[in-house]
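upload34.pdb (PDB, C-alpha atoms) appears below.
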```pdb
ATOM      1  CA  MET P   1     -17.623  -0.679 -18.929
ATOM      2  CA  THR P   2     -18.737   2.151 -16.674
ATOM      3  CA  GLU P   3     -15.427   2.630 -14.892
ATOM      4  CA  THR P   4     -12.368   4.169 -16.503
ATOM      5  CA  ALA P   5      -9.036   2.384 -16.448
ATOM      6  CA  ASN P   6      -7.373   2.456 -13.025
ATOM      7  CA  SER P   7     -10.453   3.731 -11.188
ATOM      8  CA  THR P   8     -10.942   0.413  -9.444
ATOM      9  CA  MET P   9     -13.827  -0.162  -7.087
ATOM     10  CA  VAL P  10     -11.992  -2.157  -4.431
ATOM     11  CA  GLN P  11      -8.310  -2.186  -3.538
ATOM     12  CA  VAL P  12      -6.744  -4.816  -1.309
ATOM     13  CA  HIS P  13      -3.308  -4.107   0.141
ATOM     14  CA  ARG P  14      -1.430  -6.413   2.472
ATOM     15  CA  VAL P  15       1.820  -6.207   4.399
ATOM     16  CA  TYR P  16       3.508  -8.553   6.884
ATOM     17  CA  ILE P  17       5.029  -6.767   9.855
ATOM     18  CA  LYS P  18       7.217  -8.173  12.608
ATOM     19  CA  ALA P  19       5.090  -6.736  15.398
ATOM     20  CA  SER P  20       2.125  -7.785  17.523
ATOM     21  CA  PRO P  21      -1.432  -7.030  16.390
ATOM     22  CA  GLN P  22      -1.718  -4.624  19.348
ATOM     23  CA  ALA P  23       1.391  -2.675  18.282
ATOM     24  CA  ILE P  24       0.005  -2.362  14.756
ATOM     25  CA  TRP P  25      -3.436  -1.374  16.058
ATOM     26  CA  ASP P  26      -1.842   1.355  18.190
ATOM     27  CA  ALA P  27       0.299   2.601  15.310
ATOM     28  CA  ILE P  28      -2.811   2.980  13.157
ATOM     29  CA  THR P  29      -5.161   4.473  15.741
ATOM     30  CA  LYS P  30      -3.012   6.650  18.038
ATOM     31  CA  PRO P  31      -2.078  10.111  16.732
ATOM     32  CA  GLU P  32       1.344  10.027  18.421
ATOM     33  CA  TRP P  33       2.106   6.983  16.233
ATOM     34  CA  ASN P  34       0.128   7.567  13.070
ATOM     35  CA  GLU P  35       1.674  11.008  12.510
ATOM     36  CA  LYS P  36       5.084   9.318  12.207
ATOM     37  CA  PHE P  37       4.572   7.350   9.008
ATOM     38  CA  GLY P  38       3.145   7.787   5.535
ATOM     39  CA  TYR P  39       1.778  11.278   4.978
ATOM     40  CA  GLN P  40       2.692  12.197   8.564
ATOM     41  CA  VAL P  41      -0.595  13.637   9.653
ATOM     42  CA  PRO P  42      -2.139  12.972  13.073
ATOM     43  CA  GLY P  43      -5.279  10.847  12.823
ATOM     44  CA  GLU P  44      -7.779  11.010  15.675
ATOM     45  CA  PHE P  45      -9.984   7.946  16.151
ATOM     46  CA  ASP P  46     -12.905   7.978  18.569
ATOM     47  CA  LEU P  47     -12.681   4.202  18.955
ATOM     48  CA  ARG P  48     -16.320   3.178  19.286
ATOM     49  CA  GLU P  49     -18.957   2.337  16.720
ATOM     50  CA  GLY P  50     -20.415   5.622  15.513
ATOM     51  CA  GLY P  51     -17.307   7.507  16.686
ATOM     52  CA  THR P  52     -15.574  10.022  14.446
ATOM     53  CA  TYR P  53     -12.309   9.767  12.580
ATOM     54  CA  ARG P  54     -10.424  12.879  11.555
ATOM     55  CA  ALA P  55      -6.987  13.268   9.996
ATOM     56  CA  LEU P  56      -5.662  16.756  10.646
ATOM     57  CA  ALA P  57      -3.451  18.754   8.306
ATOM     58  CA  ASN P  58       0.140  19.143   9.459
ATOM     59  CA  GLN P  59       1.834  22.561   9.446
ATOM     60  CA  GLU P  60       3.278  22.118   5.959
ATOM     61  CA  MET P  61      -0.157  21.297   4.546
ATOM     62  CA  ARG P  62      -1.774  24.241   6.335
ATOM     63  CA  ASP P  63       0.922  26.506   4.887
ATOM     64  CA  HIS P  64      -0.238  25.296   1.465
ATOM     65  CA  GLY P  65      -3.842  26.175   2.236
ATOM     66  CA  ALA P  66      -5.179  22.771   3.356
ATOM     67  CA  PRO P  67      -8.248  22.770   5.619
ATOM     68  CA  GLU P  68      -7.876  21.693   9.250
ATOM     69  CA  VAL P  69      -9.547  18.312   8.650
ATOM     70  CA  ILE P  70      -8.112  16.653   5.558
ATOM     71  CA  ILE P  71      -9.779  13.242   5.921
ATOM     72  CA  ASP P  72     -13.101  12.733   7.572
ATOM     73  CA  GLY P  73     -14.872   9.530   8.558
ATOM     74  CA  GLU P  74     -16.932   7.465  10.956
ATOM     75  CA  ILE P  75     -16.052   4.265  12.831
ATOM     76  CA  LEU P  76     -18.405   1.461  11.780
ATOM     77  CA  VAL P  77     -16.854  -1.578  13.471
ATOM     78  CA  CYS P  78     -14.272  -1.461  16.276
ATOM     79  CA  GLU P  79     -12.813  -4.788  17.452
ATOM     80  CA  PRO P  80      -9.347  -4.066  18.844
ATOM     81  CA  PRO P  81      -6.750  -5.197  17.957
ATOM     82  CA  HIS P  82      -8.014  -7.137  14.936
ATOM     83  CA  ARG P  83     -10.630  -5.318  12.946
ATOM     84  CA  LEU P  84     -11.566  -1.727  12.290
ATOM     85  CA  VAL P  85     -14.080  -0.619   9.678
ATOM     86  CA  GLN P  86     -14.535   3.060   8.942
ATOM     87  CA  THR P  87     -15.704   5.490   6.328
ATOM     88  CA  TRP P  88     -13.017   7.641   4.763
ATOM     89  CA  ASN P  89     -13.451  10.779   2.712
ATOM     90  CA  ILE P  90     -10.697  13.064   1.432
ATOM     91  CA  MET P  91     -11.639  16.677   2.248
ATOM     92  CA  PHE P  92      -8.605  18.662   1.106
ATOM     93  CA  GLU P  93      -9.572  18.677  -2.511
ATOM     94  CA  ALA P  94     -12.975  19.677  -3.929
ATOM     95  CA  GLY P  95     -13.100  16.817  -6.457
ATOM     96  CA  THR P  96     -12.572  14.044  -3.926
ATOM     97  CA  ALA P  97     -14.721  15.742  -1.249
ATOM     98  CA  ALA P  98     -17.633  15.658  -3.688
ATOM     99  CA  GLU P  99     -17.236  11.914  -4.317
ATOM    100  CA  PRO P 100     -19.228   9.322  -2.343
ATOM    101  CA  VAL P 101     -17.772   8.351   1.027
ATOM    102  CA  THR P 102     -15.424   5.373   0.766
ATOM    103  CA  ARG P 103     -15.227   2.443   3.153
ATOM    104  CA  LEU P 104     -11.985   1.235   4.666
ATOM    105  CA  THR P 105     -11.398  -2.049   6.516
ATOM    106  CA  TRP P 106      -8.243  -2.720   8.532
ATOM    107  CA  GLU P 107      -7.666  -6.383   9.442
ATOM    108  CA  ILE P 108      -4.776  -7.534  11.619
ATOM    109  CA  GLU P 109      -4.009 -11.227  12.116
ATOM    110  CA  ALA P 110      -1.151 -12.775  14.058
ATOM    111  CA  CYS P 111       0.907 -14.981  11.751
ATOM    112  CA  GLY P 112       3.679 -16.755  13.691
ATOM    113  CA  GLY P 113       5.890 -13.943  14.976
ATOM    114  CA  PHE P 114       4.579 -11.619  12.300
ATOM    115  CA  SER P 115       1.232  -9.980  11.786
ATOM    116  CA  ALA P 116      -0.575  -9.669   8.487
ATOM    117  CA  LEU P 117      -2.197  -6.280   7.999
ATOM    118  CA  THR P 118      -4.763  -6.174   5.217
ATOM    119  CA  VAL P 119      -6.272  -2.888   4.124
ATOM    120  CA  THR P 120      -9.370  -3.229   1.970
ATOM    121  CA  HIS P 121     -10.580   0.028   0.480
ATOM    122  CA  GLU P 122     -14.014   0.048  -1.164
ATOM    123  CA  LEU P 123     -14.042   2.987  -3.534
ATOM    124  CA  THR P 124     -17.307   2.681  -5.379
ATOM    125  CA  ASP P 125     -17.900   5.684  -7.652
ATOM    126  CA  ALA P 126     -14.879   7.451  -6.210
ATOM    127  CA  PRO P 127     -12.325   7.349  -9.065
ATOM    128  CA  LEU P 128     -10.339  10.375  -7.834
ATOM    129  CA  ALA P 129      -9.901   8.904  -4.347
ATOM    130  CA  ALA P 130      -9.063   5.532  -5.943
ATOM    131  CA  ALA P 131      -6.307   7.095  -8.047
ATOM    132  CA  PHE P 132      -4.948   8.887  -4.985
ATOM    133  CA  VAL P 133      -4.816   5.853  -2.662
ATOM    134  CA  GLY P 134      -3.706   3.621  -5.544
ATOM    135  CA  GLY P 135      -0.573   5.758  -5.850
ATOM    136  CA  GLU P 136      -1.402   6.922  -9.361
ATOM    137  CA  VAL P 137      -1.421  10.670  -8.728
ATOM    138  CA  PRO P 138       2.023  12.141  -9.518
ATOM    139  CA  ASN P 139       3.715  13.903  -6.588
ATOM    140  CA  ALA P 140       1.020  12.747  -4.177
ATOM    141  CA  GLY P 141       3.041  10.262  -2.211
ATOM    142  CA  GLY P 142       2.218   6.793  -3.466
ATOM    143  CA  GLY P 143      -0.976   5.809  -1.711
ATOM    144  CA  TRP P 144      -1.465   2.716   0.418
ATOM    145  CA  ALA P 145       1.632   0.891  -0.861
ATOM    146  CA  TYR P 146       3.744   3.815   0.337
ATOM    147  CA  VAL P 147       1.896   4.205   3.652
ATOM    148  CA  LEU P 148       2.048   0.484   4.521
ATOM    149  CA  SER P 149       5.694   0.127   3.512
ATOM    150  CA  ASP P 150       6.489   3.077   5.762
ATOM    151  CA  LEU P 151       4.422   1.661   8.654
ATOM    152  CA  LYS P 152       6.413  -1.578   8.402
ATOM    153  CA  SER P 153       9.649   0.400   8.460
ATOM    154  CA  LEU P 154       8.526   2.390  11.521
ATOM    155  CA  LEU P 155       7.479  -0.657  13.530
ATOM    156  CA  GLU P 156      10.435  -2.856  12.583
ATOM    157  CA  THR P 157      13.264  -0.325  12.685
ATOM    158  CA  GLY P 158      11.896   2.387  14.963
ATOM    159  CA  SER P 159      12.007   5.033  12.266
ATOM    160  CA  ALA P 160       9.975   5.802   9.188
ATOM    161  CA  MET P 161      11.538   6.533   5.824
ATOM    162  CA  ALA P 162       9.427   9.616   5.199
ATOM    163  CA  GLY P 163      10.450  13.076   6.376
TER     164      GLY P 163
ATOM    165  CA  MET J   1      11.596 -21.937  17.265
ATOM    166  CA  VAL J   2       9.060 -19.688  15.646
ATOM    167  CA  THR J   3       7.897 -20.887  12.287
ATOM    168  CA  TYR J   4       6.129 -18.697   9.817
ATOM    169  CA  ASP J   5       5.022 -18.710   6.268
ATOM    170  CA  ARG J   6       7.973 -18.265   3.924
ATOM    171  CA  ARG J   7       6.268 -15.468   1.999
ATOM    172  CA  VAL J   8       6.312 -13.310   5.117
ATOM    173  CA  VAL J   9       9.997 -12.536   4.906
ATOM    174  CA  ASP J  10      11.247 -13.660   1.549
ATOM    175  CA  ASP J  11      12.082 -11.078  -1.120
ATOM    176  CA  ASP J  12      13.249 -13.962  -3.343
ATOM    177  CA  LEU J  13       9.652 -14.922  -3.970
ATOM    178  CA  VAL J  14       8.886 -11.406  -5.196
ATOM    179  CA  PHE J  15      11.900 -11.245  -7.504
ATOM    180  CA  LYS J  16      11.150 -14.726  -8.878
ATOM    181  CA  ALA J  17       7.501 -13.859  -9.383
ATOM    182  CA  LEU J  18       8.476 -10.718 -11.291
ATOM    183  CA  ALA J  19      11.029 -12.566 -13.418
ATOM    184  CA  ASP J  20       8.387 -14.011 -15.729
ATOM    185  CA  PRO J  21       6.737 -12.073 -18.587
ATOM    186  CA  THR J  22       3.355 -13.780 -18.192
ATOM    187  CA  ARG J  23       3.215 -12.901 -14.507
ATOM    188  CA  ARG J  24       4.205  -9.299 -15.227
ATOM    189  CA  LEU J  25       1.462  -9.197 -17.830
ATOM    190  CA  LEU J  26      -1.047 -10.470 -15.258
ATOM    191  CA  LEU J  27       0.042  -7.716 -12.843
ATOM    192  CA  ASP J  28      -0.343  -5.123 -15.612
ATOM    193  CA  ARG J  29      -3.833  -6.414 -16.339
ATOM    194  CA  LEU J  30      -4.762  -6.097 -12.682
ATOM    195  CA  PHE J  31      -3.232  -2.627 -12.547
ATOM    196  CA  GLN J  32      -5.523  -1.603 -15.407
ATOM    197  CA  ARG J  33      -8.522  -3.091 -13.675
ATOM    198  CA  ASP J  34      -8.384  -4.732 -10.290
ATOM    199  CA  GLY J  35     -10.597  -7.401  -8.765
ATOM    200  CA  ARG J  36     -10.816  -9.846 -11.682
ATOM    201  CA  THR J  37     -11.795 -13.497 -11.818
ATOM    202  CA  LEU J  38      -9.613 -16.255 -13.208
ATOM    203  CA  THR J  39     -11.959 -16.540 -16.184
ATOM    204  CA  GLU J  40     -11.545 -12.853 -17.067
ATOM    205  CA  LEU J  41      -7.766 -13.007 -16.756
ATOM    206  CA  GLU J  42      -7.583 -16.237 -18.717
ATOM    207  CA  SER J  43      -9.596 -14.799 -21.612
ATOM    208  CA  GLU J  44      -6.825 -12.274 -22.339
ATOM    209  CA  LEU J  45      -3.973 -14.748 -22.397
ATOM    210  CA  GLU J  46      -3.121 -17.465 -24.847
ATOM    211  CA  MET J  47      -2.658 -20.000 -22.146
ATOM    212  CA  THR J  48      -4.584 -22.822 -20.536
ATOM    213  CA  ARG J  49      -6.672 -22.177 -17.453
ATOM    214  CA  PHE J  50      -4.297 -24.412 -15.532
ATOM    215  CA  GLY J  51      -1.288 -22.337 -16.664
ATOM    216  CA  VAL J  52      -2.907 -19.069 -15.597
ATOM    217  CA  MET J  53      -3.870 -20.614 -12.233
ATOM    218  CA  LYS J  54      -0.274 -21.671 -11.682
ATOM    219  CA  HIS J  55       1.031 -18.157 -12.377
ATOM    220  CA  LEU J  56      -1.624 -16.596 -10.144
ATOM    221  CA  ARG J  57      -0.687 -18.966  -7.340
ATOM    222  CA  LEU J  58       2.992 -17.920  -7.569
ATOM    223  CA  LEU J  59       1.947 -14.263  -7.546
ATOM    224  CA  GLU J  60      -0.231 -14.915  -4.511
ATOM    225  CA  GLU J  61       2.564 -16.730  -2.685
ATOM    226  CA  ALA J  62       4.833 -13.745  -3.309
ATOM    227  CA  GLY J  63       2.149 -11.469  -1.884
ATOM    228  CA  LEU J  64       1.790  -9.584  -5.183
ATOM    229  CA  VAL J  65      -1.794 -10.707  -5.624
ATOM    230  CA  THR J  66      -4.382 -10.918  -2.868
ATOM    231  CA  THR J  67      -7.717 -12.639  -3.298
ATOM    232  CA  ARG J  68     -11.121 -11.948  -1.893
ATOM    233  CA  ARG J  69     -14.348 -13.885  -2.198
ATOM    234  CA  SER J  70     -17.376 -12.142  -3.574
ATOM    235  CA  GLY J  71     -20.324 -14.527  -3.555
ATOM    236  CA  ARG J  72     -19.205 -17.572  -5.505
ATOM    237  CA  GLU J  73     -16.416 -15.751  -7.273
ATOM    238  CA  LYS J  74     -12.788 -15.448  -6.275
ATOM    239  CA  LEU J  75     -11.483 -12.020  -7.209
ATOM    240  CA  HIS J  76      -7.811 -11.205  -7.691
ATOM    241  CA  TYR J  77      -6.299  -7.916  -6.574
ATOM    242  CA  LEU J  78      -2.916  -6.382  -7.263
ATOM    243  CA  ASN J  79      -1.012  -5.798  -4.026
ATOM    244  CA  ALA J  80       1.753  -3.299  -4.754
ATOM    245  CA  VAL J  81       3.123  -3.253  -1.197
ATOM    246  CA  PRO J  82       5.863  -5.904  -1.801
ATOM    247  CA  ILE J  83       7.038  -3.963  -4.884
ATOM    248  CA  ARG J  84       7.085  -0.794  -2.815
ATOM    249  CA  LEU J  85       9.110  -2.551  -0.108
ATOM    250  CA  ILE J  86      11.666  -3.677  -2.682
ATOM    251  CA  HIS J  87      11.716  -0.166  -4.103
ATOM    252  CA  ASP J  88      12.262   1.368  -0.671
ATOM    253  CA  ARG J  89      14.799  -1.230   0.427
ATOM    254  CA  TRP J  90      16.837  -1.668  -2.771
ATOM    255  CA  ILE J  91      16.179   0.884  -5.433
ATOM    256  CA  ASN J  92      16.127   3.978  -3.254
ATOM    257  CA  LYS J  93      19.311   2.795  -1.593
ATOM    258  CA  TYR J  94      21.301   2.591  -4.819
ATOM    259  CA  THR J  95      19.861   5.591  -6.581
ATOM    260  CA  GLU J  96      20.580   7.721  -3.528
ATOM    261  CA  ARG J  97      24.174   6.559  -3.636
ATOM    262  CA  GLN J  98      24.458   7.486  -7.301
ATOM    263  CA  ILE J  99      23.001  10.867  -6.623
ATOM    264  CA  SER J 100      25.402  11.481  -3.756
ATOM    265  CA  ALA J 101      28.298  10.326  -5.968
ATOM    266  CA  LEU J 102      27.250  12.895  -8.560
ATOM    267  CA  VAL J 103      26.982  15.537  -5.879
ATOM    268  CA  ASP J 104      30.497  14.657  -4.713
ATOM    269  CA  LEU J 105      31.787  14.787  -8.292
ATOM    270  CA  LYS J 106      30.190  18.170  -8.813
ATOM    271  CA  ALA J 107      31.738  19.465  -5.598
ATOM    272  CA  GLU J 108      35.138  18.100  -6.595
ATOM    273  CA  LEU J 109      35.015  19.604 -10.101
ATOM    274  CA  GLU J 110      33.856  22.929  -8.784
ATOM    275  CA  GLU J 111      36.650  22.915  -6.252
ATOM    276  CA  LYS J 112      39.198  22.255  -9.034
ATOM    277  CA  ASP J 113      37.676  25.091 -11.022
ATOM    278  CA  GLY J 114      38.214  27.266  -8.003
ATOM    279  CA  HIS J 115      41.939  26.434  -7.980
ATOM    280  CA  HIS J 116      42.297  27.560 -11.593
ATOM    281  CA  ASP J 117      41.102  31.043 -10.762
TER     282      ASP J 117
END
```

Can you give me the file's structure in the form of structure tokens?
Amino acid sequence: MTETANSTMVQVHRVYIKASPQAIWDAITKPEWNEKFGYQVPGEFDLREGGTYRALANQEMRDHGAPEVIIDGEILVCEPPHRLVQTWNIMFEAGTAAEPVTRLTWEIEACGGFSALTVTHELTDAPLAAAFVGGEVPNAGGGWAYVLSDLKSLLETGSAMAG
Amino acid sequence: MVTYDRRVVDDDLVFKALADPTRRLLLDRLFQRDGRTLTELESELEMTRFGVMKHLRLLEEAGLVTTRRSGREKLHYLNAVPIRLIHDRWINKYTERQISALVDLKAELEEKDGHHD
């Protein structure tokens, strides 16, 4: 076995949210929304194939010495409001920055009054990033399960649990 | 009337899915290494293929396992989001209350101490 325990290659996370696919798409891709849930950092998406994605450090992170761009990526597929494929690379930590770029797919399907959001993260040869987004790093938030639970809370109740 | 899949809104399915030791074991196996086939999962359990399939189906219905096709294989992935939702909705709620009760108790005791002075 070449991989260590917990350093999985692909992670699939799914949440059902009482919101339209468009509302979920906006919450993911617009900085005024995406800075309100999860790790609370604004994420800028240049929504076209080949466009850039950048998540910017918030003030608290900058105070702790984080670089301006904490996650860097490129948009590979952009089909609003149902499918977004991007690369995703954590830049705030030397170990993860040195790992291969990971690939992230967001899929949003209407499901009778609800929408199913599926996040598939391909993390080949990126065990540090996998541990981080899998919620296995102590005091580092809780990864996708935490982010998606918080997104559901934001869209269904109008406020996130974080912060 | 809007109809939707029961698993969309039902915490009961998650609690019921978690209430079985074999299903918890399957989740632990997937936590250790995600993206496994039925055959791989079956090889670690003393149970028939049919039994393992049945447990995996209940886990999938509860949203705790998602599946993805890779060529001819069906791979199973742990989806921790429903557990996180239960944690955020139930466990946080009660632990916060306990903590605030302890804070209140501390304040009360300290106030009494103050009166003794």

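Taking CA of Val85 (chain P) and CA of Glu107 (chain P) as the two end points, the separation is 8.6 Å.
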
Rows by chain and residue number, chain P within 8 Å of chain J, shortest pair, all atoms listed in the file, as CSV:
```
residue,atom,partner,partner_atom,distance
P:Ala5,CA,J:Gln32,CA,5.4
P:Asn6,CA,J:Gln32,CA,5.1
P:Ser7,CA,J:Arg33,CA,7.5
P:Thr8,CA,J:Asp34,CA,5.8
P:Met9,CA,J:Asp34,CA,7.8
P:Val10,CA,J:Gly35,CA,6.9
P:Gln11,CA,J:Tyr77,CA,6.8
P:Val12,CA,J:Tyr77,CA,6.1
P:His13,CA,J:Asn79,CA,5.0
P:Arg14,CA,J:Asn79,CA,6.5
P:Val15,CA,J:Val81,CA,6.5
P:Tyr16,CA,J:Val8,CA,5.8
P:Cys111,CA,J:Tyr4,CA,6.7
P:Gly112,CA,J:Tyr4,CA,5.0
P:Gly113,CA,J:Val2,CA,6.6
P:Phe114,CA,J:Val8,CA,7.6
P:Trp144,CA,J:Val81,CA,7.7
P:Ala145,CA,J:Val81,CA,4.4
P:Tyr146,CA,J:Arg84,CA,6.5
P:Leu148,CA,J:Val81,CA,6.9
P:Ser149,CA,J:Leu85,CA,5.7
```

Could you tell me, as a PDB file with C-alpha atoms, keeping the file's coordinate frame, exactly which residues end up selected when the PyMOL selection byres ((chain P and resi 93) around 10) is applied to this structure?
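Listing of expr34.pdb after writing:
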```
ATOM      1  CA  ALA P  66      -5.179  22.771   3.356  1.00  0.00           C
ATOM      2  CA  PRO P  67      -8.248  22.770   5.619  1.00  0.00           C
ATOM      3  CA  ILE P  70      -8.112  16.653   5.558  1.00  0.00           C
ATOM      4  CA  ILE P  90     -10.697  13.064   1.432  1.00  0.00           C
ATOM      5  CA  MET P  91     -11.639  16.677   2.248  1.00  0.00           C
ATOM      6  CA  PHE P  92      -8.605  18.662   1.106  1.00  0.00           C
ATOM      7  CA  ALA P  94     -12.975  19.677  -3.929  1.00  0.00           C
ATOM      8  CA  GLY P  95     -13.100  16.817  -6.457  1.00  0.00           C
ATOM      9  CA  THR P  96     -12.572  14.044  -3.926  1.00  0.00           C
ATOM     10  CA  ALA P  97     -14.721  15.742  -1.249  1.00  0.00           C
ATOM     11  CA  ALA P  98     -17.633  15.658  -3.688  1.00  0.00           C
ATOM     12  CA  LEU P 128     -10.339  10.375  -7.834  1.00  0.00           C
ATOM     13  CA  ALA P 129      -9.901   8.904  -4.347  1.00  0.00           C
TER      14      ALA P 129
END
```

Q: Can you turn the PyMOL selection byres ((chain J and resi 41) around 10) into a concrete residue list for this file, as a VMD selection string?
A: chain J and resid 26 29 to 30 36 to 40 42 to 45 49 52 to 53 56 76

Q: Please indicate the distance in Å from CA of Gly38 (chain P) to CA of Arg69 (chain J), rounded to one decimal place.
A: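 Taking CA of Gly38 (chain P) and CA of Arg69 (chain J), their separation equals 28.9 Å.
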
Q. Which is closer to Val119 (chain P) than all the others in P:Arg83, P:Lys152, P:Lys18, P:Lys36, using only C-alpha atoms?
A. P:Arg83

Q: Please evaluate the PyMOL selection byres ((chain J and resi 11-22) around 6) against the displayed coordinates and give the resulting residues as an NGL selection string.
A: :J and (10 or 23-25 or 59 or 62)

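If you look at CA of Trp106 (chain P) and CA of Asn34 (chain P), they are 14.0 Å away from each other.
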